[in-house]
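File shown: run.pdb. Contents: PDB, C-alpha atoms.
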```pdb
MODEL        1
ATOM      1  CA  MET L   1     -35.264 -75.800 -18.978
ATOM      2  CA  ALA L   2     -31.630 -76.354 -18.052
ATOM      3  CA  SER L   3     -30.638 -73.262 -20.043
ATOM      4  CA  ILE L   4     -33.284 -71.059 -18.359
ATOM      5  CA  LEU L   5     -32.403 -72.086 -14.772
ATOM      6  CA  PRO L   6     -29.072 -70.110 -14.422
ATOM      7  CA  TRP L   7     -30.755 -66.978 -15.768
ATOM      8  CA  LEU L   8     -33.564 -67.243 -13.181
ATOM      9  CA  LEU L   9     -31.076 -67.738 -10.338
ATOM     10  CA  LEU L  10     -29.091 -64.674 -11.494
ATOM     11  CA  ARG L  11     -32.294 -62.621 -11.656
ATOM     12  CA  ARG L  12     -33.261 -63.697  -8.116
ATOM     13  CA  ARG L  13     -29.774 -62.720  -6.817
ATOM     14  CA  ARG L  14     -30.044 -59.277  -8.416
ATOM     15  CA  THR L  15     -33.426 -58.661  -6.796
ATOM     16  CA  LEU L  16     -31.975 -59.399  -3.355
ATOM     17  CA  GLN L  17     -29.074 -56.894  -3.746
ATOM     18  CA  PRO L  18     -29.941 -53.289  -2.748
ATOM     19  CA  SER L  19     -29.696 -50.569  -5.366
ATOM     20  CA  ALA L  20     -27.854 -47.242  -4.884
ATOM     21  CA  THR L  21     -31.161 -45.373  -4.658
ATOM     22  CA  ALA L  22     -32.433 -47.697  -1.931
ATOM     23  CA  LEU L  23     -29.244 -47.292   0.108
ATOM     24  CA  PHE L  24     -29.398 -43.482  -0.144
ATOM     25  CA  TYR L  25     -33.080 -43.595   0.917
ATOM     26  CA  LEU L  26     -32.299 -45.822   3.891
ATOM     27  CA  ARG L  27     -29.362 -43.693   5.059
ATOM     28  CA  PHE L  28     -30.497 -40.098   4.639
ATOM     29  CA  VAL L  29     -34.202 -39.858   3.770
ATOM     30  CA  ALA L  30     -35.875 -42.424   6.000
ATOM     31  CA  SER L  31     -34.153 -41.211   9.184
ATOM     32  CA  PRO L  32     -35.633 -37.995  10.691
ATOM     33  CA  PRO L  33     -33.299 -34.939  10.614
ATOM     34  CA  HIS L  34     -32.154 -33.359  13.865
ATOM     35  CA  ASN L  35     -29.448 -30.959  15.026
ATOM     36  CA  GLY L  36     -25.881 -32.205  15.206
ATOM     37  CA  PRO L  37     -24.227 -35.177  13.555
ATOM     38  CA  THR L  38     -26.672 -38.011  12.895
ATOM     39  CA  THR L  39     -26.226 -41.750  13.151
ATOM     40  CA  ILE L  40     -27.913 -43.670  10.372
ATOM     41  CA  SER L  41     -30.711 -45.985  11.616
ATOM     42  CA  PRO L  42     -32.737 -48.135   9.183
ATOM     43  CA  PRO L  43     -36.563 -47.822   9.127
ATOM     44  CA  ARG L  44     -38.956 -50.510  10.206
ATOM     45  CA  LEU L  45     -39.129 -53.389   7.759
ATOM     46  CA  GLY L  46     -42.914 -53.567   7.914
ATOM     47  CA  ALA L  47     -43.393 -50.070   6.465
ATOM     48  CA  LEU L  48     -41.489 -50.922   3.237
ATOM     49  CA  PRO L  49     -42.360 -53.122   0.281
ATOM     50  CA  GLU L  50     -40.918 -56.605  -0.044
ATOM     51  CA  ARG L  51     -38.000 -55.565  -2.287
ATOM     52  CA  SER L  52     -37.081 -52.676   0.041
ATOM     53  CA  ARG L  53     -37.223 -55.077   3.035
ATOM     54  CA  ALA L  54     -34.537 -57.208   1.426
ATOM     55  CA  ALA L  55     -32.430 -54.113   0.745
ATOM     56  CA  ALA L  56     -32.869 -52.910   4.345
ATOM     57  CA  GLY L  57     -31.877 -56.307   5.717
ATOM     58  CA  PHE L  58     -28.765 -56.327   3.504
ATOM     59  CA  ALA L  59     -27.799 -52.792   4.652
ATOM     60  CA  THR L  60     -28.277 -53.712   8.346
ATOM     61  CA  ALA L  61     -26.088 -56.796   8.012
ATOM     62  CA  ALA L  62     -23.381 -54.817   6.215
ATOM     63  CA  ARG L  63     -23.464 -52.123   8.911
ATOM     64  CA  ARG L  64     -23.071 -54.721  11.662
ATOM     65  CA  GLN L  65     -20.091 -56.288   9.934
ATOM     66  CA  SER L  66     -18.100 -53.052   9.286
ATOM     67  CA  PRO L  67     -19.102 -49.457  10.021
ATOM     68  CA  VAL L  68     -18.946 -46.873   7.278
ATOM     69  CA  ARG L  69     -15.489 -45.349   7.683
ATOM     70  CA  ARG L  70     -13.138 -43.184   5.730
ATOM     71  CA  GLY L  71      -9.592 -43.388   6.967
ATOM     72  CA  SER L  72      -9.870 -43.888  10.728
ATOM     73  CA  THR L  73     -13.001 -41.814  11.538
ATOM     74  CA  ALA L  74     -16.684 -42.660  10.957
ATOM     75  CA  VAL L  75     -18.596 -40.659   8.342
ATOM     76  CA  THR L  76     -21.298 -38.415   9.860
ATOM     77  CA  LEU L  77     -23.958 -36.147   8.399
ATOM     78  CA  ASP L  78     -24.449 -32.561   9.582
ATOM     79  CA  THR L  79     -27.985 -31.262   8.918
ATOM     80  CA  ASP L  80     -27.633 -27.770  10.468
ATOM     81  CA  GLY L  81     -29.069 -25.080   8.257
ATOM     82  CA  SER L  82     -30.553 -25.676   4.831
ATOM     83  CA  PHE L  83     -27.651 -27.820   3.513
ATOM     84  CA  ALA L  84     -26.497 -31.360   4.321
ATOM     85  CA  ARG L  85     -22.765 -31.660   4.969
ATOM     86  CA  PHE L  86     -20.699 -34.806   5.287
ATOM     87  CA  SER L  87     -17.964 -34.955   7.935
ATOM     88  CA  VAL L  88     -15.135 -37.452   8.360
ATOM     89  CA  ARG L  89     -14.237 -36.298  11.880
ATOM     90  CA  ASP L  90     -15.547 -37.208  15.307
ATOM     91  CA  GLU L  91     -17.000 -33.691  15.635
ATOM     92  CA  PRO L  92     -18.935 -31.779  12.987
ATOM     93  CA  LEU L  93     -16.992 -29.345  10.850
ATOM     94  CA  THR L  94     -17.181 -25.789  12.099
ATOM     95  CA  THR L  95     -16.313 -22.835   9.978
ATOM     96  CA  GLN L  96     -13.645 -20.843  11.810
ATOM     97  CA  PRO L  97     -13.073 -17.237  10.866
ATOM     98  CA  GLN L  98      -9.719 -17.014   9.115
ATOM     99  CA  GLY L  99      -7.395 -14.100   9.848
ATOM    100  CA  LYS L 100      -6.824 -11.448   7.273
ATOM    101  CA  LYS L 101      -4.013 -12.261   4.904
ATOM    102  CA  LYS L 102      -1.145  -9.822   4.743
ATOM    103  CA  GLN L 103      -1.560  -7.817   1.614
ATOM    104  CA  LYS L 104       1.499  -7.417  -0.551
ATOM    105  CA  MET L 105       2.699  -3.909  -1.142
ATOM    106  CA  SER L 106       2.351  -2.679  -4.658
ATOM    107  CA  LYS L 107       5.263  -1.251  -6.580
ATOM    108  CA  LYS L 108       3.916   2.277  -6.259
ATOM    109  CA  SER L 109       3.527   2.030  -2.468
ATOM    110  CA  LYS L 110       7.112   0.717  -2.138
ATOM    111  CA  VAL L 111       8.395   3.638  -4.191
ATOM    112  CA  ASN L 112       6.424   6.088  -2.040
ATOM    113  CA  GLN L 113       7.829   4.529   1.140
ATOM    114  CA  LEU L 114      11.388   4.847  -0.175
ATOM    115  CA  LYS L 115      10.737   8.470  -1.128
ATOM    116  CA  TRP L 116       9.500   9.174   2.395
ATOM    117  CA  PHE L 117      12.659   7.650   3.966
ATOM    118  CA  ARG L 118      14.899   9.573   1.586
ATOM    119  CA  LEU L 119      13.109  12.839   2.333
ATOM    120  CA  LYS L 120      13.483  12.194   6.068
ATOM    121  CA  ALA L 121      17.220  11.539   5.657
ATOM    122  CA  LYS L 122      17.611  14.635   3.480
ATOM    123  CA  LYS L 123      16.028  16.802   6.167
ATOM    124  CA  LYS L 124      18.475  15.470   8.751
ATOM    125  CA  MET L 125      21.437  15.991   6.434
ATOM    126  CA  LYS L 126      20.433  19.604   5.721
ATOM    127  CA  SER L 127      19.417  20.435   9.288
ATOM    128  CA  PRO L 128      20.712  23.793  10.591
ATOM    129  CA  ASN L 129      21.682  22.073  13.862
ATOM    130  CA  PRO L 130      25.185  20.517  13.526
ATOM    131  CA  GLU L 131      24.450  17.946  16.270
ATOM    132  CA  VAL L 132      21.553  16.479  14.260
ATOM    133  CA  ARG L 133      23.754  16.103  11.180
ATOM    134  CA  ILE L 134      26.613  14.477  13.096
ATOM    135  CA  ARG L 135      24.314  12.071  14.984
ATOM    136  CA  TYR L 136      22.621  10.989  11.746
ATOM    137  CA  LYS L 137      25.992  10.131  10.172
ATOM    138  CA  LEU L 138      27.133   8.394  13.365
ATOM    139  CA  ASP L 139      24.023   6.181  13.603
ATOM    140  CA  LYS L 140      24.322   5.251   9.947
ATOM    141  CA  ALA L 141      28.016   4.356  10.321
ATOM    142  CA  LYS L 142      27.333   2.218  13.431
ATOM    143  CA  ARG L 143      24.601   0.281  11.598
ATOM    144  CA  LYS L 144      27.040  -0.373   8.762
ATOM    145  CA  GLU L 145      29.703  -1.522  11.226
ATOM    146  CA  GLU L 146      27.308  -4.055  12.804
ATOM    147  CA  TRP L 147      26.328  -5.328   9.357
ATOM    148  CA  LEU L 148      29.990  -5.779   8.345
ATOM    149  CA  ILE L 149      30.820  -7.662  11.554
ATOM    150  CA  GLU L 150      27.873  -9.985  10.923
ATOM    151  CA  LYS L 151      29.097 -10.585   7.374
ATOM    152  CA  LEU L 152      32.659 -11.348   8.478
ATOM    153  CA  ARG L 153      31.431 -14.047  10.881
ATOM    154  CA  LYS L 154      30.476 -16.175   7.883
ATOM    155  CA  TYR L 155      34.099 -16.295   6.701
ATOM    156  CA  GLU L 156      35.536 -17.638   9.939
ATOM    157  CA  ALA L 157      37.298 -20.966   9.451
ATOM    158  CA  PRO L 158      35.025 -23.821  10.648
ATOM    159  CA  TRP L 159      37.102 -25.783  13.165
ATOM    160  CA  ARG L 160      35.963 -29.405  12.975
ATOM    161  CA  GLY L 161      37.974 -30.336  16.049
ATOM    162  CA  PRO L 162      40.894 -29.228  18.201
ATOM    163  CA  ALA L 163      43.614 -27.428  16.243
ATOM    164  CA  PRO L 164      46.560 -29.746  15.450
ATOM    165  CA  VAL L 165      49.731 -28.891  17.344
ATOM    166  CA  HIS L 166      52.597 -28.053  14.989
ATOM    167  CA  ASP L 167      55.974 -29.206  16.259
ATOM    168  CA  PRO L 168      58.704 -27.758  13.979
ATOM    169  CA  GLU L 169      61.965 -29.584  13.509
ATOM    170  CA  ILE L 170      64.936 -28.554  15.637
ATOM    171  CA  LEU L 171      67.719 -27.240  13.402
ATOM    172  CA  THR L 172      71.270 -26.322  14.336
ATOM    173  CA  GLU L 173      72.764 -22.915  13.603
ATOM    174  CA  GLU L 174      74.848 -24.324  10.722
ATOM    175  CA  GLU L 175      71.783 -25.906   9.120
ATOM    176  CA  ARG L 176      69.775 -22.684   9.504
ATOM    177  CA  PHE L 177      72.588 -20.634   7.948
ATOM    178  CA  TYR L 178      72.913 -23.050   5.009
ATOM    179  CA  LEU L 179      69.143 -23.129   4.370
ATOM    180  CA  LYS L 180      68.919 -19.344   4.647
ATOM    181  CA  ARG L 181      71.664 -18.841   2.032
ATOM    182  CA  THR L 182      70.063 -21.449  -0.237
ATOM    183  CA  GLY L 183      66.637 -19.813   0.008
ATOM    184  CA  GLU L 184      68.034 -16.354  -0.748
ATOM    185  CA  LYS L 185      69.842 -17.553  -3.888
ATOM    186  CA  LYS L 186      66.897 -19.445  -5.390
ATOM    187  CA  LYS L 187      64.216 -17.613  -7.370
ATOM    188  CA  ASN L 188      61.155 -19.770  -6.615
ATOM    189  CA  TYR L 189      58.557 -17.846  -4.578
ATOM    190  CA  VAL L 190      54.836 -17.701  -3.757
ATOM    191  CA  PRO L 191      53.046 -14.324  -3.569
ATOM    192  CA  VAL L 192      50.640 -13.419  -0.766
ATOM    193  CA  GLY L 193      48.513 -10.450  -1.842
ATOM    194  CA  ARG L 194      45.467  -8.675  -0.533
ATOM    195  CA  ARG L 195      43.528 -11.943  -0.124
ATOM    196  CA  GLY L 196      45.951 -13.055   2.583
ATOM    197  CA  VAL L 197      46.584 -16.725   3.344
ATOM    198  CA  PHE L 198      44.045 -19.077   1.728
ATOM    199  CA  GLY L 199      44.026 -22.612   0.336
ATOM    200  CA  GLY L 200      45.711 -21.747  -2.963
ATOM    201  CA  VAL L 201      48.823 -20.330  -1.227
ATOM    202  CA  VAL L 202      49.415 -23.563   0.706
ATOM    203  CA  LEU L 203      48.821 -25.605  -2.454
ATOM    204  CA  ASN L 204      51.502 -23.634  -4.346
ATOM    205  CA  MET L 205      53.931 -24.102  -1.454
ATOM    206  CA  HIS L 206      53.588 -27.891  -1.654
ATOM    207  CA  LEU L 207      54.071 -27.787  -5.413
ATOM    208  CA  HIS L 208      57.328 -25.844  -4.946
ATOM    209  CA  TRP L 209      58.501 -28.218  -2.209
ATOM    210  CA  LYS L 210      58.188 -31.105  -4.627
ATOM    211  CA  ARG L 211      61.517 -30.046  -6.248
ATOM    212  CA  HIS L 212      63.035 -27.541  -3.778
ATOM    213  CA  GLU L 213      63.860 -27.777  -0.090
ATOM    214  CA  THR L 214      63.309 -24.084   0.582
ATOM    215  CA  MET L 215      61.088 -21.418  -0.886
ATOM    216  CA  LYS L 216      60.237 -17.742  -0.417
ATOM    217  CA  VAL L 217      56.839 -16.196   0.370
ATOM    218  CA  VAL L 218      56.566 -12.543  -0.679
ATOM    219  CA  CYS L 219      53.855 -10.571   1.188
ATOM    220  CA  LYS L 220      52.711  -7.430  -0.680
ATOM    221  CA  PRO L 221      50.758  -5.394   0.384
ATOM    222  CA  CYS L 222      51.434  -6.004   4.071
ATOM    223  CA  ARG L 223      50.863  -3.884   7.169
ATOM    224  CA  PRO L 224      53.677  -3.379   9.679
ATOM    225  CA  GLY L 225      54.046  -6.533  11.767
ATOM    226  CA  GLN L 226      51.533  -8.550   9.730
ATOM    227  CA  VAL L 227      54.269 -10.602   8.059
ATOM    228  CA  TYR L 228      54.949 -12.427  11.363
ATOM    229  CA  ASP L 229      51.294 -13.473  11.594
ATOM    230  CA  TYR L 230      51.488 -14.755   8.014
ATOM    231  CA  ALA L 231      54.661 -16.718   8.837
ATOM    232  CA  GLU L 232      53.056 -18.397  11.853
ATOM    233  CA  GLU L 233      49.880 -19.296   9.940
ATOM    234  CA  LEU L 234      51.777 -20.670   6.923
ATOM    235  CA  ALA L 235      53.965 -22.817   9.165
ATOM    236  CA  ARG L 236      50.862 -24.240  10.881
ATOM    237  CA  LEU L 237      49.007 -25.001   7.652
ATOM    238  CA  SER L 238      51.922 -26.377   5.636
ATOM    239  CA  LYS L 239      53.751 -28.143   8.517
ATOM    240  CA  GLY L 240      56.967 -26.398   7.460
ATOM    241  CA  THR L 241      59.651 -24.511   9.388
ATOM    242  CA  VAL L 242      60.240 -20.763   9.250
ATOM    243  CA  ILE L 243      63.939 -20.093   8.576
ATOM    244  CA  ASP L 244      63.990 -16.291   8.364
ATOM    245  CA  VAL L 245      61.757 -13.221   7.961
ATOM    246  CA  LYS L 246      63.311 -10.443   5.865
ATOM    247  CA  PRO L 247      62.705  -6.686   6.353
ATOM    248  CA  ASP L 248      61.172  -6.492   2.855
ATOM    249  CA  ASN L 249      58.268  -8.746   4.033
ATOM    250  CA  THR L 250      59.773 -11.962   2.636
ATOM    251  CA  ILE L 251      59.510 -15.293   4.497
ATOM    252  CA  ILE L 252      61.886 -18.230   3.884
ATOM    253  CA  LEU L 253      60.314 -21.621   4.692
ATOM    254  CA  TYR L 254      61.885 -25.085   4.877
ATOM    255  CA  ARG L 255      59.833 -28.191   4.069
ATOM    256  CA  GLY L 256      61.521 -30.536   6.577
ATOM    257  CA  LYS L 257      63.907 -33.476   6.510
ATOM    258  CA  ASN L 258      61.276 -36.219   6.222
ATOM    259  CA  TYR L 259      58.888 -34.330   3.953
ATOM    260  CA  VAL L 260      56.080 -36.284   2.246
ATOM    261  CA  GLN L 261      53.695 -34.501  -0.067
ATOM    262  CA  PRO L 262      50.139 -34.828   1.348
ATOM    263  CA  LYS L 263      47.277 -36.170  -0.754
ATOM    264  CA  VAL L 264      45.131 -33.079  -0.028
ATOM    265  CA  MET L 265      47.545 -30.183  -0.478
ATOM    266  CA  SER L 266      44.935 -27.482   0.195
ATOM    267  CA  PRO L 267      43.814 -27.661   3.876
ATOM    268  CA  PRO L 268      40.030 -28.054   4.385
ATOM    269  CA  ASP L 269      39.840 -25.291   7.021
ATOM    270  CA  THR L 270      40.931 -22.537   4.596
ATOM    271  CA  LEU L 271      38.938 -20.223   2.344
ATOM    272  CA  SER L 272      38.721 -20.355  -1.430
ATOM    273  CA  LYS L 273      40.185 -17.641  -3.656
ATOM    274  CA  GLN L 274      36.829 -15.919  -4.233
ATOM    275  CA  LYS L 275      35.778 -15.988  -0.572
ATOM    276  CA  ALA L 276      39.185 -14.708   0.544
ATOM    277  CA  LEU L 277      38.731 -11.677  -1.747
ATOM    278  CA  GLU L 278      35.224 -11.044  -0.353
ATOM    279  CA  LYS L 279      36.583 -11.245   3.198
ATOM    280  CA  TYR L 280      39.337  -8.745   2.346
ATOM    281  CA  ARG L 281      36.800  -6.276   0.954
ATOM    282  CA  PHE L 282      34.615  -6.522   4.055
ATOM    283  CA  GLU L 283      37.640  -6.105   6.330
ATOM    284  CA  GLN L 284      38.790  -3.028   4.395
ATOM    285  CA  SER L 285      35.305  -1.522   4.576
ATOM    286  CA  LEU L 286      35.127  -2.257   8.321
ATOM    287  CA  GLU L 287      38.489  -0.569   8.897
ATOM    288  CA  HIS L 288      37.425   2.614   7.076
ATOM    289  CA  THR L 289      34.038   2.638   8.841
ATOM    290  CA  SER L 290      35.688   2.337  12.274
ATOM    291  CA  LYS L 291      37.983   5.278  11.486
ATOM    292  CA  PHE L 292      35.000   7.328  10.303
ATOM    293  CA  ILE L 293      33.102   6.564  13.542
ATOM    294  CA  GLU L 294      36.069   7.727  15.624
ATOM    295  CA  GLN L 295      36.222  10.940  13.595
ATOM    296  CA  LEU L 296      32.486  11.615  14.059
ATOM    297  CA  GLU L 297      32.650  10.951  17.803
ATOM    298  CA  LYS L 298      35.515  13.430  18.087
ATOM    299  CA  GLU L 299      33.527  16.027  16.098
ATOM    300  CA  LEU L 300      30.507  15.545  18.373
ATOM    301  CA  GLU L 301      32.671  15.921  21.474
ATOM    302  CA  ASP L 302      34.238  19.133  20.088
ATOM    303  CA  TYR L 303      30.781  20.500  19.306
ATOM    304  CA  HIS L 304      29.605  19.883  22.873
ATOM    305  CA  LYS L 305      32.706  21.629  24.215
ATOM    306  CA  HIS L 306      32.071  24.586  21.920
ATOM    307  CA  VAL L 307      28.436  24.846  23.104
ATOM    308  CA  GLU L 308      29.503  24.771  26.769
ATOM    309  CA  LEU L 309      32.137  27.453  26.150
ATOM    310  CA  PHE L 310      29.607  29.613  24.312
ATOM    311  CA  LYS L 311      27.126  29.285  27.206
ATOM    312  CA  LYS L 312      29.824  30.279  29.726
ATOM    313  CA  ARG L 313      30.686  33.345  27.674
ATOM    314  CA  GLU L 314      27.044  34.319  27.441
ATOM    315  CA  GLY L 315      26.711  33.945  31.205
ATOM    316  CA  ALA L 316      29.813  36.082  31.833
ATOM    317  CA  ILE L 317      28.575  38.821  29.470
ATOM    318  CA  ALA L 318      25.164  38.814  31.168
ATOM    319  CA  GLU L 319      26.823  39.163  34.592
ATOM    320  CA  GLU L 320      28.947  42.078  33.357
ATOM    321  CA  ILE L 321      25.871  43.839  31.980
ATOM    322  CA  SER L 322      23.979  43.309  35.245
ATOM    323  CA  ASP L 323      26.958  44.642  37.283
ATOM    324  CA  GLY L 324      27.163  47.732  35.026
ATOM    325  CA  ASP L 325      23.441  48.402  35.481
ATOM    326  CA  ALA L 326      23.843  48.105  39.272
ATOM    327  CA  ASP L 327      26.734  50.626  39.258
ATOM    328  CA  VAL L 328      24.669  53.083  37.211
ATOM    329  CA  ASP L 329      21.760  52.737  39.648
ATOM    330  CA  ASP L 330      24.092  53.421  42.598
ATOM    331  CA  LEU L 331      25.454  56.593  40.966
ATOM    332  CA  THR L 332      21.992  57.945  40.198
ATOM    333  CA  SER L 333      20.786  57.266  43.753
ATOM    334  CA  SER L 334      23.844  59.013  45.307
ATOM    335  CA  SER L 335      23.390  62.096  43.092
ATOM    336  CA  ASN L 336      19.735  62.317  44.085
ATOM    337  CA  THR L 337      20.566  62.245  47.786
ATOM    338  CA  GLU L 338      23.033  65.054  47.374
TER
ENDMDL
END
```
Take the structure in the file and write it out as structure tokens.
Amino acid sequence: MASILPWLLLRRRRTLQPSATALFYLRFVASPPHNGPTTISPPRLGALPERSRAAAGFATAARRQSPVRRGSTAVTLDTDGSFARFSVRDEPLTTQPQGKKKQKMSKKSKVNQLKWFRLKAKKKMKSPNPEVRIRYKLDKAKRKEEWLIEKLRKYEAPWRGPAPVHDPEILTEEERFYLKRTGEKKKNYVPVGRRGVFGGVVLNMHLHWKRHETMKVVCKPCRPGQVYDYAEELARLSKGTVIDVKPDNTIILYRGKNYVQPKVMSPPDTLSKQKALEKYRFEQSLEHTSKFIEQLEKELEDYHKHVELFKKREGAIAEEISDGDADVDDLTSSSNTE
């Protein structure tokens, strides 16, 4: 009897717990459907059998303790239409019409679009009107100029703060003469080419100043007057002193009396070798494009002058013809009167 008693108690406990089928019946079948989200209400206990009464009582107690929630919103049932839908929001889910997605262009349509643009440009290039041809080239050159200016803005040196003030050392005339003669005799130099002044140039200068007081900077190619800009920028970046600027675009720089080699020899506000070359190419392209725009504007102005002159000549010829016709009419009228 002692061995049968725990089994009977376990069986009685299982009979009191509601099954999944009973819970589904209590929640969704026993309650009458109506429009909108429904709140689950248990049926009357008298209309159910004894086992279902126990299940209904268990479900009611559980609902009083904690509502059925998912996340932070109560679960509701939407019975609109012929389907039952569960919602985890305060309001029932509504199907909103979604906008049409942008269709991607196929490869063939892209090719056709490019062909259309090329045909349009070809018609303008081969137009019999010179003004149309010149204006097409001018608009295209101005668009390129704007694009190049936008590209060059990316290569501007990012100033992290106010620019440091460079105070060069004060040298006497004798010291300047001695350093100038020393720099001319020595053969150590740093080249500055088409990339201009970038981080690698300043790094090489500090490496030369490790063993020499003076050094030469050779600028080739260099526009007229550009060597002075290079000298000023190199003195600011390297904290050196400009001794002399030669006519052959050579700069002699002095490291200073109390020179100490910096830990970071390449300044952080300078460009790399690759970016300096890209900047040079964009600058060269911008220079040629600006010259081409000036040439086209001059051509357009000359064309307008030619058209005005042609119209004046046409007007003068028409006046001469009208005056000649008037003279002929006067002669014929006078002969008739006689």
Quiz item: Taking into account all atoms listed in the file, which residue in the set L:Val242, L:Val190, L:Val201, L:Ile251 is nearest to Met265 of chain L?
Solution: L:Val201
Practice problem: Write out as a ChimeraX atom specification each polymer residue whose atoms come within 12 Å of Lys246 of chain L, counting only C-alpha atoms; drop sequence neighbours fewer than 3 positions from it. | Solution: /L:180,183-184,216-219,225,227-228,231,242-243,249-253
Quiz prompt | Residues returned when the PyMOL selection byres ((chain L and resi 202) around 9) runs on this file, as a PyMOL selection string | solution = chain L and resi 197-201+203-207+234+237-238+265-267
Practice problem: Counting all atoms listed in the file, figure out which residue out of L:Ala316, L:Ala141, L:Asn112, L:Phe177 gets nearest to Lys291 of chain L. | Solution: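 Under the stated criterion, the closest residue is L:Ala141.
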Self-check item: Long-range neighbours of Ile170 of chain L as a list in words, 12 Å cut-off, all atoms listed in the file, 4 positions minimum in chain
Solution: Glu174, Glu175, Arg176, Gly240, Thr241, Val242, Ile243, Tyr254, Gly256 and Lys257 of chain L
Practice problem: State, in Å with one decimal place, the distance from atom CA of Lys275 of chain L to atom CA of Gln261 of chain L. | Solution: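 Here the two named atoms are 25.8 Å from each other.
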Practice problem: Counting only C-alpha atoms, figure out which residue out of L:Lys126, L:Arg194, L:Lys186, L:Arg153 gets nearest to His212 of chain L. | Solution: L:Lys186
Can you take the partial segment 205-218 of chain L, add N, CA, C and O atoms, and return it as a short mmCIF file (atom, residue, chain, number, x, y, z; two decimals), in the coordinates of the input?
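What follows is the written file out.cif:
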```
data_model
loop_
_atom_site.label_atom_id
_atom_site.label_comp_id
_atom_site.auth_asym_id
_atom_site.auth_seq_id
_atom_site.Cartn_x
_atom_site.Cartn_y
_atom_site.Cartn_z
N MET L 205 52.75 -23.79 -2.26
CA MET L 205 53.93 -24.10 -1.45
C MET L 205 54.31 -25.58 -1.58
O MET L 205 55.48 -25.94 -1.77
N HIS L 206 53.30 -26.45 -1.52
CA HIS L 206 53.59 -27.89 -1.65
C HIS L 206 54.07 -28.23 -3.05
O HIS L 206 54.93 -29.12 -3.23
N LEU L 207 53.59 -27.54 -4.05
CA LEU L 207 54.07 -27.79 -5.41
C LEU L 207 55.53 -27.35 -5.58
O LEU L 207 56.30 -27.98 -6.30
N HIS L 208 55.92 -26.27 -4.91
CA HIS L 208 57.33 -25.84 -4.95
C HIS L 208 58.21 -26.82 -4.17
O HIS L 208 59.36 -27.09 -4.58
N TRP L 209 57.70 -27.31 -3.03
CA TRP L 209 58.50 -28.22 -2.21
C TRP L 209 58.69 -29.59 -2.85
O TRP L 209 59.45 -30.41 -2.35
N LYS L 210 58.01 -29.83 -3.93
CA LYS L 210 58.19 -31.10 -4.63
C LYS L 210 59.60 -31.21 -5.21
O LYS L 210 60.18 -32.30 -5.29
N ARG L 211 60.19 -30.05 -5.62
CA ARG L 211 61.52 -30.05 -6.25
C ARG L 211 62.55 -29.21 -5.49
O ARG L 211 63.73 -29.26 -5.82
N HIS L 212 62.11 -28.40 -4.51
CA HIS L 212 63.04 -27.54 -3.78
C HIS L 212 62.84 -27.76 -2.28
O HIS L 212 61.72 -27.97 -1.81
N GLU L 213 63.93 -27.64 -1.55
CA GLU L 213 63.86 -27.78 -0.09
C GLU L 213 63.31 -26.51 0.56
O GLU L 213 62.58 -26.58 1.54
N THR L 214 63.73 -25.37 0.02
CA THR L 214 63.31 -24.08 0.58
C THR L 214 62.56 -23.28 -0.47
O THR L 214 62.68 -23.55 -1.68
N MET L 215 61.82 -22.31 0.01
CA MET L 215 61.09 -21.42 -0.89
C MET L 215 60.83 -20.11 -0.16
O MET L 215 60.92 -20.02 1.07
N LYS L 216 60.51 -19.07 -0.97
CA LYS L 216 60.24 -17.74 -0.42
C LYS L 216 58.75 -17.43 -0.58
O LYS L 216 58.13 -17.82 -1.56
N VAL L 217 58.22 -16.70 0.41
CA VAL L 217 56.84 -16.20 0.37
C VAL L 217 56.93 -14.68 0.45
O VAL L 217 57.41 -14.14 1.46
N VAL L 218 56.49 -14.00 -0.60
CA VAL L 218 56.57 -12.54 -0.68
C VAL L 218 55.19 -11.98 -0.33
O VAL L 218 54.19 -12.29 -1.00
#
```
